[in-house]
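Structure data (PDB, C-alpha atoms, pLDDT in the B column) from structure-v9.pdb:
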```pdb
ATOM      1  CA  MET A1154      32.075  24.220  47.272  1.00 48.00           C
ATOM      2  CA  GLY A1155      32.560  26.685  50.032  1.00 49.00           C
ATOM      3  CA  ALA A1156      30.039  28.297  52.291  1.00 48.00           C
ATOM      4  CA  GLY A1157      28.623  31.695  51.502  1.00 47.00           C
ATOM      5  CA  ARG A1158      26.680  33.146  48.653  1.00 53.00           C
ATOM      6  CA  PRO A1159      26.005  30.850  45.706  1.00 56.00           C
ATOM      7  CA  ARG A1160      27.620  31.596  42.384  1.00 69.00           C
ATOM      8  CA  LYS A1161      25.373  33.775  40.225  1.00 86.00           C
ATOM      9  CA  ILE A1162      23.952  32.381  37.030  1.00 91.00           C
ATOM     10  CA  SER A1163      25.754  33.718  33.966  1.00 91.00           C
ATOM     11  CA  LYS A1164      26.351  33.000  30.298  1.00 93.00           C
ATOM     12  CA  GLU A1165      29.732  31.466  31.242  1.00 92.00           C
ATOM     13  CA  LEU A1166      28.037  29.133  33.739  1.00 92.00           C
ATOM     14  CA  ILE A1167      25.472  28.133  31.091  1.00 93.00           C
ATOM     15  CA  LYS A1168      28.348  27.414  28.683  1.00 93.00           C
ATOM     16  CA  ASP A1169      30.023  25.189  31.313  1.00 91.00           C
ATOM     17  CA  ALA A1170      26.707  23.428  32.047  1.00 91.00           C
ATOM     18  CA  ARG A1171      26.204  22.756  28.330  1.00 92.00           C
ATOM     19  CA  ALA A1172      29.732  21.331  28.086  1.00 89.00           C
ATOM     20  CA  PHE A1173      28.937  18.994  31.020  1.00 88.00           C
ATOM     21  CA  ALA A1174      25.699  17.805  29.394  1.00 88.00           C
ATOM     22  CA  ASP A1175      27.462  17.311  26.065  1.00 87.00           C
ATOM     23  CA  GLY A1176      29.841  14.746  27.537  1.00 84.00           C
ATOM     24  CA  GLY A1177      31.939  16.611  30.091  1.00 79.00           C
ATOM     25  CA  TRP A1178      30.674  14.215  32.764  1.00 78.00           C
ATOM     26  CA  LYS A1179      32.631  11.294  31.283  1.00 77.00           C
ATOM     27  CA  THR A1180      35.857  10.199  32.967  1.00 66.00           C
ATOM     28  CA  GLU A1181      38.700   7.846  32.231  1.00 60.00           C
ATOM     29  CA  ASN A1182      38.051   5.580  35.251  1.00 57.00           C
ATOM     30  CA  GLU A1183      38.471   1.989  34.086  1.00 57.00           C
ATOM     31  CA  GLY A1184      35.953  -0.414  35.561  1.00 54.00           C
ATOM     32  CA  ILE A1185      33.878   2.280  37.250  1.00 55.00           C
ATOM     33  CA  ALA A1186      30.352   2.896  35.997  1.00 55.00           C
ATOM     34  CA  VAL A1187      30.030   6.575  35.129  1.00 70.00           C
ATOM     35  CA  TYR A1188      26.859   8.446  34.259  1.00 75.00           C
ATOM     36  CA  PRO A1189      25.681  12.077  34.362  1.00 85.00           C
ATOM     37  CA  THR A1190      24.071  13.424  37.548  1.00 86.00           C
ATOM     38  CA  LEU A1191      22.866  16.754  38.875  1.00 88.00           C
ATOM     39  CA  THR A1192      25.401  16.385  41.700  1.00 87.00           C
ATOM     40  CA  GLY A1193      28.141  16.003  39.096  1.00 86.00           C
ATOM     41  CA  LEU A1194      26.827  19.108  37.340  1.00 88.00           C
ATOM     42  CA  ALA A1195      26.985  21.023  40.640  1.00 89.00           C
ATOM     43  CA  LEU A1196      30.566  19.881  41.258  1.00 86.00           C
ATOM     44  CA  CYS A1197      31.573  20.807  37.717  1.00 86.00           C
ATOM     45  CA  LEU A1198      30.090  24.295  38.093  1.00 89.00           C
ATOM     46  CA  GLY A1199      31.341  24.850  41.649  1.00 88.00           C
ATOM     47  CA  ILE A1200      27.862  25.404  43.064  1.00 90.00           C
ATOM     48  CA  HIS A1201      25.804  23.649  45.718  1.00 91.00           C
ATOM     49  CA  PRO A1202      23.453  20.869  44.513  1.00 90.00           C
ATOM     50  CA  ASP A1203      20.537  22.775  46.093  1.00 92.00           C
ATOM     51  CA  THR A1204      21.352  25.708  43.799  1.00 92.00           C
ATOM     52  CA  VAL A1205      21.165  23.380  40.780  1.00 92.00           C
ATOM     53  CA  LYS A1206      17.736  22.186  41.931  1.00 91.00           C
ATOM     54  CA  GLU A1207      16.550  25.740  42.603  1.00 92.00           C
ATOM     55  CA  TRP A1208      17.626  27.000  39.183  1.00 93.00           C
ATOM     56  CA  ARG A1209      16.189  23.891  37.485  1.00 92.00           C
ATOM     57  CA  ASN A1210      12.822  24.390  39.182  1.00 92.00           C
ATOM     58  CA  ASN A1211      12.538  28.147  38.521  1.00 90.00           C
ATOM     59  CA  PRO A1212      12.934  28.642  34.759  1.00 90.00           C
ATOM     60  CA  GLU A1213      10.616  31.660  34.821  1.00 92.00           C
ATOM     61  CA  LYS A1214      13.170  33.811  36.724  1.00 91.00           C
ATOM     62  CA  SER A1215      15.144  34.745  33.603  1.00 91.00           C
ATOM     63  CA  GLU A1216      16.177  33.519  30.183  1.00 93.00           C
ATOM     64  CA  LEU A1217      19.405  32.135  31.708  1.00 93.00           C
ATOM     65  CA  HIS A1218      17.402  30.220  34.329  1.00 93.00           C
ATOM     66  CA  LYS A1219      15.220  28.796  31.562  1.00 94.00           C
ATOM     67  CA  GLU A1220      18.258  27.644  29.594  1.00 95.00           C
ATOM     68  CA  PHE A1221      19.863  26.152  32.716  1.00 94.00           C
ATOM     69  CA  SER A1222      16.626  24.370  33.591  1.00 94.00           C
ATOM     70  CA  LEU A1223      16.524  22.699  30.173  1.00 94.00           C
ATOM     71  CA  ILE A1224      20.160  21.595  30.493  1.00 93.00           C
ATOM     72  CA  ALA A1225      19.537  20.181  33.991  1.00 93.00           C
ATOM     73  CA  LYS A1226      16.500  18.272  32.722  1.00 92.00           C
ATOM     74  CA  GLU A1227      18.596  16.919  29.855  1.00 92.00           C
ATOM     75  CA  VAL A1228      21.195  15.686  32.375  1.00 90.00           C
ATOM     76  CA  THR A1229      18.410  13.855  34.233  1.00 88.00           C
ATOM     77  CA  VAL A1230      17.210  12.209  31.002  1.00 88.00           C
ATOM     78  CA  LEU A1231      20.801  11.237  30.164  1.00 87.00           C
ATOM     79  CA  ARG A1232      21.158   9.747  33.645  1.00 86.00           C
ATOM     80  CA  LYS A1233      18.108   7.538  33.064  1.00 85.00           C
ATOM     81  CA  PHE A1234      19.399   6.500  29.663  1.00 84.00           C
ATOM     82  CA  TYR A1235      22.882   5.580  30.902  1.00 81.00           C
ATOM     83  CA  LEU A1236      21.604   3.762  33.991  1.00 81.00           C
ATOM     84  CA  VAL A1237      19.450   1.566  31.764  1.00 80.00           C
ATOM     85  CA  GLN A1238      22.409   0.932  29.443  1.00 78.00           C
ATOM     86  CA  LEU A1239      24.722   0.061  32.360  1.00 78.00           C
ATOM     87  CA  GLY A1240      22.053  -2.249  33.772  1.00 77.00           C
ATOM     88  CA  VAL A1241      21.499  -4.016  30.453  1.00 76.00           C
ATOM     89  CA  LYS A1242      25.259  -4.489  29.983  1.00 77.00           C
ATOM     90  CA  GLY A1243      25.524  -5.903  33.500  1.00 78.00           C
ATOM     91  CA  GLU A1244      27.945  -3.193  34.628  1.00 76.00           C
ATOM     92  CA  LEU A1245      25.736  -2.443  37.654  1.00 74.00           C
ATOM     93  CA  GLN A1246      24.321  -4.977  40.064  1.00 76.00           C
ATOM     94  CA  PRO A1247      20.588  -5.357  39.314  1.00 76.00           C
ATOM     95  CA  ARG A1248      19.473  -4.265  42.784  1.00 76.00           C
ATOM     96  CA  ILE A1249      21.702  -1.163  42.750  1.00 76.00           C
ATOM     97  CA  CYS A1250      20.573  -0.315  39.219  1.00 74.00           C
ATOM     98  CA  GLY A1251      16.933  -0.645  40.316  1.00 76.00           C
ATOM     99  CA  ILE A1252      17.467   1.662  43.286  1.00 76.00           C
ATOM    100  CA  LEU A1253      19.234   4.281  41.164  1.00 77.00           C
ATOM    101  CA  LEU A1254      16.546   4.123  38.470  1.00 75.00           C
ATOM    102  CA  SER A1255      13.790   4.497  41.061  1.00 76.00           C
ATOM    103  CA  GLN A1256      15.455   7.734  42.208  1.00 73.00           C
ATOM    104  CA  VAL A1257      14.986   9.236  38.743  1.00 69.00           C
ATOM    105  CA  GLY A1258      11.379   8.164  38.304  1.00 70.00           C
ATOM    106  CA  VAL A1259      11.772   4.864  36.477  1.00 69.00           C
ATOM    107  CA  VAL A1260       9.624   2.214  38.121  1.00 65.00           C
ATOM    108  CA  GLU A1261       9.460  -1.507  37.592  1.00 60.00           C
ATOM    109  CA  LYS A1262       6.211  -2.438  35.914  1.00 58.00           C
ATOM    110  CA  LYS A1263       4.309  -5.600  35.268  1.00 56.00           C
ATOM    111  CA  PRO A1264       4.325  -6.863  31.667  1.00 56.00           C
ATOM    112  CA  ASP A1265       0.653  -5.961  31.123  1.00 55.00           C
ATOM    113  CA  GLU A1266       1.055  -2.347  32.254  1.00 58.00           C
ATOM    114  CA  THR A1267       1.619   0.449  29.762  1.00 58.00           C
ATOM    115  CA  LYS A1268       3.244   3.786  30.354  1.00 60.00           C
ATOM    116  CA  ILE A1269       3.433   6.932  28.279  1.00 60.00           C
ATOM    117  CA  ILE A1270       6.714   8.788  28.745  1.00 61.00           C
ATOM    118  CA  LYS A1271       6.378  12.554  29.122  1.00 64.00           C
ATOM    119  CA  VAL A1272       9.522  14.659  28.839  1.00 62.00           C
ATOM    120  CA  GLU A1273       9.720  18.437  29.024  1.00 64.00           C
ATOM    121  CA  GLY A1274      12.048  20.255  26.663  1.00 66.00           C
ATOM    122  CA  ALA A1275      13.937  19.110  23.607  1.00 67.00           C
ATOM    123  CA  LEU A1276      15.799  15.815  23.615  1.00 68.00           C
ATOM    124  CA  PRO A1277      18.743  14.715  21.517  1.00 70.00           C
ATOM    125  CA  PRO A1278      17.354  13.029  18.370  1.00 71.00           C
ATOM    126  CA  ALA A1279      18.418   9.499  19.410  1.00 68.00           C
ATOM    127  CA  LEU A1280      16.666   9.776  22.783  1.00 70.00           C
ATOM    128  CA  GLN A1281      13.578  11.317  21.164  1.00 70.00           C
ATOM    129  CA  GLU A1282      13.300   8.264  18.875  1.00 73.00           C
ATOM    130  CA  VAL A1283      13.370   5.949  21.914  1.00 70.00           C
ATOM    131  CA  VAL A1284      10.697   7.972  23.725  1.00 68.00           C
ATOM    132  CA  ASP A1285       8.508   8.110  20.598  1.00 73.00           C
ATOM    133  CA  SER A1286       8.792   4.355  20.032  1.00 72.00           C
ATOM    134  CA  VAL A1287       7.842   3.589  23.650  1.00 68.00           C
ATOM    135  CA  ASN A1288       4.898   5.981  23.484  1.00 68.00           C
ATOM    136  CA  THR A1289       3.692   4.506  20.172  1.00 70.00           C
ATOM    137  CA  GLU A1290       3.960   0.963  21.554  1.00 62.00           C
ATOM    138  CA  SER A1291       2.184   1.955  24.786  1.00 56.00           C
ATOM    139  CA  ALA A1292      -0.627   3.773  22.959  1.00 58.00           C
ATOM    140  CA  SER A1293      -1.239   0.805  20.630  1.00 60.00           C
ATOM    141  CA  LYS A1294      -1.752  -1.520  23.648  1.00 55.00           C
ATOM    142  CA  GLU A1295      -4.552   0.620  25.077  1.00 53.00           C
TER     143      GLU A1295
END
```

Represent the supplied structure as structure tokens.
Amino acid sequence: MGAGRPRKISKELIKDARAFADGGWKTENEGIAVYPTLTGLALCLGIHPDTVKEWRNNPEKSELHKEFSLIAKEVTVLRKFYLVQLGVKGELQPRICGILLSQVGVVEKKPDETKIIKVEGALPPALQEVVDSVNTESASKE
């Protein structure tokens, strides 16, 4: 990432972003916990992380911005999902996992608390099932 003008959004960039979200973030590093991040997306696309955040937060600018925003949000959801999986498998130290999850909006809750998960945009079917089951369980406790 060099200094200067940011790369312009394009169909090719959207294609590369989609490839990243569809598994392009995975690496062959043995023993290293790997999960998708917006910083990884920026590195993959050769743009500054602030540009990723700007495009994600301004979907109304154009149809390409809208599509990029949905992909970036999907990467964030995938990050949450994989952090939980790595934590459950014990591949991340509990404290580190907790810190990383808190950065993406997952908070530790007491057993008697309920939480409805709200996600913007379409999710992959497997993730949508998880969200729906949590929401159904949370709603039935109220």

For this file, the PyMOL selection byres ((chain A and resi 1178) around 8) selects which residues, as a PyMOL selection string?
chain A and resi 1173-1174+1176-1177+1179-1180+1188-1189+1193-1194

Could you save the residues just selected, with C-alpha atoms, as a CSV table (one decimal), in the coordinates of the input?
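Below is the file part08.csv, written as the result:
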```
chain,number,residue,atom,x,y,z
A,1173,PHE,CA,28.9,19.0,31.0
A,1174,ALA,CA,25.7,17.8,29.4
A,1176,GLY,CA,29.8,14.7,27.5
A,1177,GLY,CA,31.9,16.6,30.1
A,1179,LYS,CA,32.6,11.3,31.3
A,1180,THR,CA,35.9,10.2,33.0
A,1188,TYR,CA,26.9,8.4,34.3
A,1189,PRO,CA,25.7,12.1,34.4
A,1193,GLY,CA,28.1,16.0,39.1
A,1194,LEU,CA,26.8,19.1,37.3
```

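Reported to one decimal place, the separation of CA of Leu1245 in chain A from CA of Ser1286 in chain A is 25.4 Å.
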
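The coordinates place CA of Leu1231 in chain A at 19.6 Å from CA of Leu1166 in chain A.
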
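In terms of minimum interatomic distance to Asp1169 in chain A, A:Cys1197 ranks closest within A:Ile1252, A:Val1205, A:Cys1197, A:Val1241, counting all atoms listed in the file.
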
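Among the candidate residues A:Tyr1235, A:Ala1195, A:Pro1212, A:Asp1175, the one lying nearest to Pro1277 in chain A is A:Asp1175, with distances computed using all atoms listed in the file.
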